[in-house]
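The data block below is entry15.tsv; it holds TSV, C-alpha atoms.
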chain	number	residue	atom	x	y	z
A	1	MET	CA	-1.44	17.62	20.96
A	2	ALA	CA	-4.63	16.13	19.55
A	3	GLU	CA	-5.01	16.24	15.80
A	4	PRO	CA	-7.98	18.30	14.63
A	5	ARG	CA	-10.85	16.26	13.31
A	6	ARG	CA	-11.14	16.17	9.55
A	7	ASP	CA	-14.19	17.17	7.63
A	8	ARG	CA	-16.55	14.41	6.72
A	9	PRO	CA	-16.27	13.07	3.16
A	10	GLN	CA	-19.29	13.12	0.94
A	11	PRO	CA	-21.79	10.35	1.69
A	12	GLU	CA	-22.03	7.64	-0.95
A	13	HIS	CA	-25.69	6.76	-1.23
A	14	GLY	CA	-26.65	4.30	-3.91
A	15	HIS	CA	-29.98	4.95	-5.60
A	16	GLY	CA	-32.36	2.01	-5.46
A	17	HIS	CA	-35.08	3.00	-7.89
A	18	GLY	CA	-37.40	4.24	-5.20
A	19	HIS	CA	-37.37	1.20	-2.94
A	20	ALA	CA	-34.29	1.68	-0.76
A	21	HIS	CA	-30.87	3.21	-0.70
A	22	GLY	CA	-27.43	1.99	0.11
A	23	HIS	CA	-25.14	3.85	2.41
A	24	ALA	CA	-21.42	3.93	2.95
A	25	ALA	CA	-21.05	5.11	6.50
A	26	GLY	CA	-17.89	3.74	8.05
A	27	HIS	CA	-19.40	2.68	11.33
A	28	GLY	CA	-17.07	1.22	13.87
A	29	HIS	CA	-17.02	-2.52	14.32
A	30	GLY	CA	-15.26	-5.18	16.29
A	31	HIS	CA	-13.90	-3.72	19.53
A	32	GLU	CA	-16.65	-1.30	20.48
A	33	THR	CA	-16.71	0.22	23.94
A	34	TRP	CA	-19.88	0.43	26.07
A	35	ARG	CA	-19.94	4.16	25.35
A	36	SER	CA	-19.90	3.69	21.57
A	37	ARG	CA	-22.60	1.02	21.82
A	38	LEU	CA	-24.78	3.34	23.90
A	39	LYS	CA	-24.27	6.15	21.38
A	40	HIS	CA	-25.15	3.83	18.52
A	41	PHE	CA	-28.30	2.72	20.38
A	42	PHE	CA	-29.59	6.27	20.42
A	43	THR	CA	-28.34	7.10	16.89
A	44	PRO	CA	-28.47	3.74	15.11
A	45	HIS	CA	-28.22	5.17	11.56
A	46	SER	CA	-25.62	7.85	12.17
A	47	HIS	CA	-23.46	8.54	9.13
A	48	ASP	CA	-20.56	9.74	11.31
A	49	SER	CA	-17.26	8.73	9.67
A	50	ALA	CA	-15.00	9.48	12.63
A	51	ASP	CA	-14.23	5.82	13.42
A	52	ARG	CA	-13.25	5.09	9.83
A	53	LEU	CA	-11.12	8.23	9.66
A	54	ASP	CA	-9.36	7.32	12.91
A	55	THR	CA	-8.44	3.95	11.39
A	56	ALA	CA	-7.20	5.56	8.18
A	57	LEU	CA	-5.13	8.07	10.15
A	58	GLU	CA	-3.57	5.32	12.25
A	59	THR	CA	-2.53	3.33	9.16
A	60	SER	CA	-1.01	6.49	7.68
A	61	ARG	CA	0.93	7.10	10.89
A	62	ARG	CA	2.27	3.54	10.78
A	63	GLY	CA	3.30	4.01	7.17
A	64	ILE	CA	5.11	7.26	7.95
A	65	ARG	CA	6.89	5.67	10.93
A	66	ALA	CA	8.03	2.80	8.71
A	67	LEU	CA	9.37	5.25	6.15
A	68	ILE	CA	11.24	7.35	8.72
A	69	TRP	CA	13.00	4.42	10.38
A	70	SER	CA	13.81	2.69	7.10
A	71	PHE	CA	15.15	5.95	5.65
A	72	VAL	CA	17.48	6.37	8.65
A	73	ALA	CA	18.68	2.76	8.38
A	74	LEU	CA	19.26	2.81	4.62
A	75	PHE	CA	20.84	6.24	4.53
A	76	GLY	CA	23.22	5.24	7.32
A	77	THR	CA	24.09	2.01	5.48
A	78	ALA	CA	24.75	3.89	2.24
A	79	VAL	CA	26.98	6.46	3.97
A	80	VAL	CA	29.10	3.70	5.51
A	81	GLN	CA	29.38	1.97	2.14
A	82	LEU	CA	30.29	5.22	0.37
A	83	ALA	CA	33.21	5.69	2.73
A	84	LEU	CA	34.35	2.15	1.98
A	85	VAL	CA	34.08	2.73	-1.79
A	86	ALA	CA	36.82	5.36	-1.44
A	87	VAL	CA	38.99	2.79	0.32
A	88	THR	CA	38.42	-0.18	-2.00
A	89	GLY	CA	37.75	1.43	-5.39
A	90	SER	CA	35.15	-1.27	-6.09
A	91	VAL	CA	32.60	-0.51	-8.81
A	92	ALA	CA	30.37	-3.34	-7.54
A	93	LEU	CA	30.27	-1.68	-4.13
A	94	LEU	CA	29.67	1.68	-5.81
A	95	GLY	CA	26.67	0.26	-7.65
A	96	ASP	CA	25.30	-1.20	-4.42
A	97	THR	CA	25.84	2.13	-2.65
A	98	ILE	CA	24.06	4.06	-5.40
A	99	HIS	CA	21.11	1.72	-5.13
A	100	ASN	CA	20.98	2.06	-1.34
A	101	PHE	CA	20.92	5.85	-1.62
A	102	ALA	CA	18.15	5.57	-4.21
A	103	ASP	CA	16.20	3.22	-1.96
A	104	ALA	CA	16.50	5.65	0.94
A	105	LEU	CA	15.27	8.48	-1.28
A	106	THR	CA	12.10	6.56	-2.22
A	107	ALA	CA	10.91	7.31	1.32
A	108	LEU	CA	10.40	10.95	0.30
A	109	PRO	CA	7.60	10.54	-2.29
A	110	LEU	CA	5.95	7.88	-0.15
A	111	GLY	CA	6.09	10.12	2.92
A	112	ILE	CA	4.49	12.96	0.95
A	113	ALA	CA	1.79	10.58	-0.30
A	114	PHE	CA	0.96	9.36	3.21
A	115	ALA	CA	0.75	12.96	4.43
A	116	LEU	CA	-1.57	13.90	1.55
A	117	GLY	CA	-3.71	10.85	2.22
A	118	ARG	CA	-4.47	12.18	5.70
A	119	ARG	CA	-6.08	15.35	4.34
A	120	ALA	CA	-9.82	15.78	4.56
A	121	ALA	CA	-12.10	14.96	1.65
A	122	THR	CA	-13.47	18.06	-0.07
A	123	ARG	CA	-16.18	18.97	-2.53
A	124	ARG	CA	-13.60	18.61	-5.32
A	125	TYR	CA	-11.74	15.55	-3.98
A	126	THR	CA	-14.70	13.68	-2.54
A	127	TYR	CA	-12.64	10.55	-1.84
A	128	GLY	CA	-9.74	12.46	-0.33
A	129	LEU	CA	-6.17	12.25	-1.64
A	130	GLY	CA	-5.41	8.62	-0.89
A	131	ARG	CA	-4.59	7.90	-4.53
A	132	ALA	CA	-1.41	9.94	-4.06
A	133	GLU	CA	0.12	6.64	-2.89
A	134	ASP	CA	-0.33	5.22	-6.37
A	135	LEU	CA	1.48	8.20	-7.88
A	136	ALA	CA	4.25	7.74	-5.31
A	137	GLY	CA	4.51	4.13	-6.44
A	138	VAL	CA	5.19	5.37	-9.98
A	139	VAL	CA	7.97	7.62	-8.63
A	140	VAL	CA	9.46	4.64	-6.77
A	141	VAL	CA	9.51	2.64	-10.00
A	142	LEU	CA	11.24	5.49	-11.82
A	143	ILE	CA	13.87	5.76	-9.06
A	144	ILE	CA	14.55	2.02	-9.29
A	145	ALA	CA	14.93	2.31	-13.08
A	146	GLY	CA	17.33	5.24	-12.72
A	147	SER	CA	19.50	3.42	-10.20
A	148	ALA	CA	19.65	0.38	-12.51
A	149	ALA	CA	20.83	2.57	-15.40
A	150	LEU	CA	23.51	4.24	-13.28
A	151	ALA	CA	24.78	0.94	-11.86
A	152	ALA	CA	24.98	-0.53	-15.39
A	153	TYR	CA	26.90	2.49	-16.67
A	154	GLU	CA	29.50	2.27	-13.88
A	155	ALA	CA	29.96	-1.49	-14.37
A	156	ILE	CA	30.40	-1.23	-18.15
A	157	ASP	CA	32.79	1.69	-17.76
A	158	ARG	CA	34.94	-0.36	-15.36
A	159	LEU	CA	35.00	-3.28	-17.80
A	160	LEU	CA	36.24	-0.96	-20.52
A	161	HIS	CA	38.66	0.84	-18.19
A	162	PRO	CA	39.96	-1.67	-15.63
A	163	HIS	CA	40.97	-0.39	-12.20
A	164	PRO	CA	42.52	-2.45	-9.38
A	165	VAL	CA	40.37	-3.22	-6.34
A	166	GLN	CA	42.05	-2.81	-2.95
A	167	GLN	CA	41.35	-3.85	0.64
A	168	LEU	CA	39.32	-6.92	-0.29
A	169	TRP	CA	38.42	-7.75	3.31
A	170	VAL	CA	36.96	-4.25	3.69
A	171	LEU	CA	34.98	-4.80	0.49
A	172	ALA	CA	33.56	-8.07	1.83
A	173	ALA	CA	32.65	-6.43	5.13
A	174	ALA	CA	30.87	-3.63	3.26
A	175	GLY	CA	28.79	-6.20	1.38
A	176	VAL	CA	27.73	-7.83	4.66
A	177	VAL	CA	26.79	-4.43	6.13
A	178	GLY	CA	24.70	-3.65	3.05
A	179	PHE	CA	22.88	-6.98	3.23
A	180	ALA	CA	22.05	-6.62	6.94
A	181	GLY	CA	20.78	-3.06	6.59
A	182	ASN	CA	18.63	-3.81	3.55
A	183	GLU	CA	17.11	-7.01	4.90
A	184	LEU	CA	16.04	-5.32	8.13
A	185	VAL	CA	14.43	-2.48	6.19
A	186	ALA	CA	12.81	-4.89	3.72
A	187	ARG	CA	11.18	-6.97	6.46
A	188	TYR	CA	9.88	-3.85	8.18
A	189	ARG	CA	8.49	-2.18	5.03
A	190	ILE	CA	6.87	-5.33	3.64
A	191	THR	CA	5.27	-6.24	6.98
A	192	VAL	CA	3.84	-2.77	7.58
A	193	GLY	CA	2.86	-2.34	3.92
A	194	ARG	CA	0.86	-5.57	3.90
A	195	GLU	CA	-0.76	-4.82	7.23
A	196	ILE	CA	-1.96	-1.37	6.13
A	197	GLY	CA	-2.64	-2.37	2.51
A	198	SER	CA	-0.07	-0.09	0.86
A	199	ALA	CA	1.14	-1.50	-2.47
A	200	ALA	CA	3.72	1.28	-2.79
A	201	LEU	CA	5.27	0.46	0.59
A	202	VAL	CA	5.36	-3.27	-0.23
A	203	ALA	CA	7.04	-2.49	-3.57
A	204	ASP	CA	9.59	-0.39	-1.75
A	205	GLY	CA	10.23	-3.25	0.67
A	206	LEU	CA	10.81	-5.69	-2.18
A	207	HIS	CA	13.21	-3.15	-3.62
A	208	ALA	CA	15.18	-3.12	-0.35
A	209	ARG	CA	15.23	-6.93	-0.18
A	210	THR	CA	16.78	-7.16	-3.63
A	211	ASP	CA	19.36	-4.60	-2.56
A	212	GLY	CA	20.31	-6.94	0.27
A	213	PHE	CA	21.06	-9.79	-2.09
A	214	THR	CA	23.00	-7.51	-4.40
A	215	SER	CA	25.10	-6.55	-1.39
A	216	LEU	CA	25.99	-10.22	-0.93
A	217	ALA	CA	27.01	-10.24	-4.59
A	218	VAL	CA	29.63	-7.62	-3.67
A	219	VAL	CA	31.14	-10.20	-1.31
A	220	LEU	CA	31.30	-12.69	-4.20
A	221	GLY	CA	33.08	-10.06	-6.29
A	222	ALA	CA	35.69	-9.63	-3.55
A	223	ILE	CA	36.23	-13.39	-3.45
A	224	GLY	CA	36.63	-13.49	-7.24
A	225	VAL	CA	39.26	-10.74	-7.21
A	226	ALA	CA	41.10	-12.51	-4.38
A	227	LEU	CA	41.21	-15.68	-6.50
A	228	GLY	CA	42.91	-13.82	-9.36
A	229	PHE	CA	39.93	-12.76	-11.46
A	230	PRO	CA	39.99	-8.93	-11.44
A	231	ALA	CA	37.04	-8.66	-13.86
A	232	ALA	CA	34.85	-10.25	-11.16
A	233	ASP	CA	34.16	-6.82	-9.66
A	234	PRO	CA	32.57	-5.18	-12.75
A	235	VAL	CA	30.89	-8.46	-13.70
A	236	ILE	CA	29.22	-8.55	-10.30
A	237	GLY	CA	28.24	-4.93	-10.91
A	238	LEU	CA	26.41	-6.01	-14.07
A	239	LEU	CA	24.72	-8.87	-12.22
A	240	ILE	CA	23.53	-6.35	-9.65
A	241	THR	CA	22.00	-4.37	-12.49
A	242	VAL	CA	20.14	-7.47	-13.70
A	243	ALA	CA	18.83	-8.08	-10.17
A	244	ILE	CA	17.61	-4.48	-10.01
A	245	LEU	CA	15.78	-4.97	-13.31
A	246	PHE	CA	13.94	-7.99	-11.89
A	247	VAL	CA	12.74	-6.04	-8.87
A	248	LEU	CA	11.82	-3.20	-11.23
A	249	ARG	CA	9.56	-5.58	-13.15
A	250	ASP	CA	7.82	-6.81	-9.98
A	251	ALA	CA	7.40	-3.33	-8.53
A	252	ALA	CA	6.06	-1.96	-11.82
A	253	LYS	CA	3.55	-4.80	-12.07
A	254	GLU	CA	2.30	-4.16	-8.51
A	255	VAL	CA	1.97	-0.41	-9.02
A	256	PHE	CA	0.31	-0.80	-12.44
A	257	ARG	CA	-2.31	-3.13	-11.00
A	258	ARG	CA	-3.10	-0.64	-8.26
A	259	LEU	CA	-3.39	2.20	-10.77
A	260	MET	CA	-5.86	0.10	-12.77
A	261	ASP	CA	-8.01	-0.59	-9.65
A	262	ALA	CA	-7.05	-4.27	-9.51
A	263	VAL	CA	-7.99	-6.21	-6.37
A	264	ASP	CA	-7.42	-9.80	-5.35
A	265	PRO	CA	-10.30	-11.93	-6.75
A	266	ALA	CA	-10.33	-13.81	-3.44
A	267	THR	CA	-11.21	-10.53	-1.70
A	268	VAL	CA	-14.16	-10.01	-4.06
A	269	GLU	CA	-15.32	-13.58	-3.38
A	270	LEU	CA	-15.01	-12.99	0.36
A	271	ALA	CA	-17.21	-9.88	0.05
A	272	GLU	CA	-19.81	-11.81	-1.93
A	273	GLN	CA	-19.92	-14.58	0.67
A	274	ALA	CA	-20.15	-12.13	3.56
A	275	ALA	CA	-23.01	-10.24	1.88
A	276	ALA	CA	-24.91	-13.43	1.00
A	277	ALA	CA	-24.70	-14.56	4.65
A	278	VAL	CA	-26.67	-11.54	5.91
A	279	PRO	CA	-30.25	-12.55	6.82
A	280	GLY	CA	-32.72	-11.15	4.32
A	281	VAL	CA	-30.31	-11.05	1.37
A	282	GLU	CA	-31.62	-13.27	-1.44
A	283	GLY	CA	-28.95	-12.49	-4.03
A	284	VAL	CA	-25.69	-10.59	-4.50
A	285	ARG	CA	-24.43	-9.15	-7.77
A	286	GLU	CA	-22.23	-6.46	-9.30
A	287	VAL	CA	-19.63	-6.45	-6.53
A	288	ARG	CA	-16.99	-3.84	-7.34
A	289	MET	CA	-14.02	-2.90	-5.20
A	290	ARG	CA	-11.15	-0.44	-5.48
A	291	TRP	CA	-8.24	0.82	-3.41
A	292	ILE	CA	-8.12	4.44	-2.27
A	293	GLY	CA	-4.59	4.68	-0.92
A	294	HIS	CA	-4.35	1.78	1.53
A	295	SER	CA	-8.10	1.48	2.17
A	296	LEU	CA	-10.65	-0.56	0.22
A	297	ARG	CA	-14.09	0.67	-0.82
A	298	ALA	CA	-16.85	-1.50	-2.23
A	299	GLU	CA	-20.06	-1.15	-4.25
A	300	LEU	CA	-22.58	-3.94	-4.66
A	301	ALA	CA	-26.22	-4.70	-5.38
A	302	VAL	CA	-28.30	-7.08	-3.27
A	303	GLN	CA	-31.73	-8.55	-3.89
A	304	VAL	CA	-34.29	-8.66	-1.08
A	305	ALA	CA	-37.91	-9.68	-0.66
A	306	ASN	CA	-40.44	-7.44	-2.40
A	307	THR	CA	-42.43	-7.15	0.82
A	308	LEU	CA	-39.74	-5.15	2.65
A	309	THR	CA	-40.49	-1.53	3.40
A	310	VAL	CA	-38.00	1.20	2.58
A	311	GLU	CA	-37.11	1.45	6.27
A	312	GLN	CA	-36.50	-2.31	6.53
A	313	ALA	CA	-34.41	-2.30	3.37
A	314	HIS	CA	-32.35	0.56	4.74
A	315	GLU	CA	-31.77	-1.31	7.99
A	316	LEU	CA	-30.69	-4.41	6.03
A	317	ALA	CA	-28.20	-2.35	3.99
A	318	HIS	CA	-26.86	-0.91	7.24
A	319	SER	CA	-26.35	-4.41	8.71
A	320	LEU	CA	-24.81	-5.66	5.49
A	321	GLU	CA	-22.21	-2.92	5.48
A	322	HIS	CA	-21.25	-3.76	9.06
A	323	GLN	CA	-20.84	-7.40	8.05
A	324	LEU	CA	-18.67	-6.52	5.06
A	325	ILE	CA	-16.38	-4.20	7.04
A	326	ALA	CA	-15.95	-6.87	9.72
A	327	ALA	CA	-15.25	-9.63	7.19
A	328	VAL	CA	-13.07	-7.98	4.53
A	329	PRO	CA	-9.60	-6.75	5.60
A	330	ARG	CA	-8.87	-3.06	4.89
A	331	LEU	CA	-12.47	-2.37	3.79
A	332	THR	CA	-13.62	0.97	5.20
A	333	ALA	CA	-16.90	1.65	3.37
A	334	ALA	CA	-19.48	-0.02	1.15
A	335	ALA	CA	-22.21	1.51	-0.99
A	336	VAL	CA	-25.12	-0.95	-1.00
A	337	HIS	CA	-27.80	-0.85	-3.71
A	338	VAL	CA	-30.95	-2.66	-2.58
A	339	GLU	CA	-33.45	-3.96	-5.14
A	340	PRO	CA	-36.45	-6.31	-5.08
A	341	ALA	CA	-35.83	-9.95	-5.91
A	342	VAL	CA	-38.74	-9.91	-8.38
A	343	GLY	CA	-39.25	-7.16	-10.95
A	344	ALA	CA	-35.94	-5.33	-10.67
A	345	GLU	CA	-34.78	-6.31	-14.14
A	346	ALA	CA	-37.81	-4.73	-15.74
A	347	VAL	CA	-37.00	-1.45	-14.02
A	348	HIS	CA	-33.37	-1.63	-15.18
A	349	LEU	CA	-34.42	-2.23	-18.78
A	350	GLY	CA	-37.22	0.30	-18.66

Since I need it in another form, could you write the structure as structure tokens?
Amino acid sequence: MAEPRRDRPQPEHGHGHGHAHGHAAGHGHGHETWRSRLKHFFTPHSHDSADRLDTALETSRRGIRALIWSFVALFGTAVVQLALVAVTGSVALLGDTIHNFADALTALPLGIAFALGRRAATRRYTYGLGRAEDLAGVVVVLIIAGSAALAAYEAIDRLLHPHPVQQLWVLAAAGVVGFAGNELVARYRITVGREIGSAALVADGLHARTDGFTSLAVVLGAIGVALGFPAADPVIGLLITVAILFVLRDAAKEVFRRLMDAVDPATVELAEQAAAAVPGVEGVREVRMRWIGHSLRAELAVQVANTLTVEQAHELAHSLEHQLIAAVPRLTAAAVHVEPAVGAEAVHLG
């Protein structure tokens, strides 16, 4: 059943001091059909955002699919490990199992965020609800921190109250199962997250990858116990906690940067170069970019010849936006402020 079309977000016109205006229409680019070209020929300055919304919806669908499949894989892995914890009595395996359950549960806030991001922009939320992904990233970080605290508690408790570990071969097999499940999920989440530009999904993938290596540490604990070192199991549990803290640091750094509207400086430079390459642009300045969910938006000012009419300046801004969207990955809209190459500064200071 076709999904109903969402309302159009508010247009983002930049004000150019009476000489031109920027616009942020998300016109389609790249693989246009003959029908879309014909439509654009008759309505060359349409501000229809349907193409951009279709792209945003598709990336959200991919993110939700990634979350569903990874949740199934991780939850299944954790259930198998939990059954083996009862057999072996290993606190290292218990810590790994706790972390796998926590990693599976991070799919819930991310799934909610992706669903919210697909809602239409409104008069109150003029950019939509894409920033819900950033809030979900904070929840993911909190879940990672909680699992680290619980794993540390169990490991320290076992050091203070020793308990024999049984069925060492089962324990080793459980560690291998945990590694395989987590690495598959990590590869999937990181790949999809980078392709759709979701920092929260990438952070969750890094979380799963670390879980995989901590699962291998469970195997080392089993080997240590087999060699006559019973404290190896809780010690490995503490090492797992340390590994979780490292991934917590990386995930928190990624999410914090997104919350503070950080973008890769190379992306800003790419936008500047793409804008400067548009015929008629004599200068580019004040390039600003930010993430809204897993989509980029840009604002910039360009200098043009004083002899251009308002209509010509508008057409140039239109072409420039097309060039930026084609050149910059994940960019869906750009607000272009057009100003004359000579005399603009006096207006700004006036």

Point to revise | Best match for closeness to A:Thr309 among A:Ala251, A:Arg285, A:Pro340, A:Val85, counting only C-alpha atoms | key: A:Pro340

Exercise for review: Kindly indicate which residue among A:Ala231, A:Ile236, A:Ala186, A:Ala92 lies nearest to A:Trp69, using all atoms listed in the file for the distances.
Suggested key: A:Ala186

Practice item. Select, counting only C-alpha atoms, all protein, DNA and RNA residues no farther than 12 Å from (35.5, 3.6, -6.1) in file coordinates, and express the selection as a ChimeraX atom specification. Key: /A:81-98,154-155,158,162-167,171,233-234

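Nearest-residue note for A:Val281: choosing from A:Val338, A:Leu245, A:Met260, A:His322, the minimum distance belongs to A:Val338, counting only C-alpha atoms.
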
Study note, to complete from the structure: Closest of A:Gly205, A:Gly280, A:Gly175, A:Gly193 to A:Val219, counting all atoms listed in the file, is A:Gly175
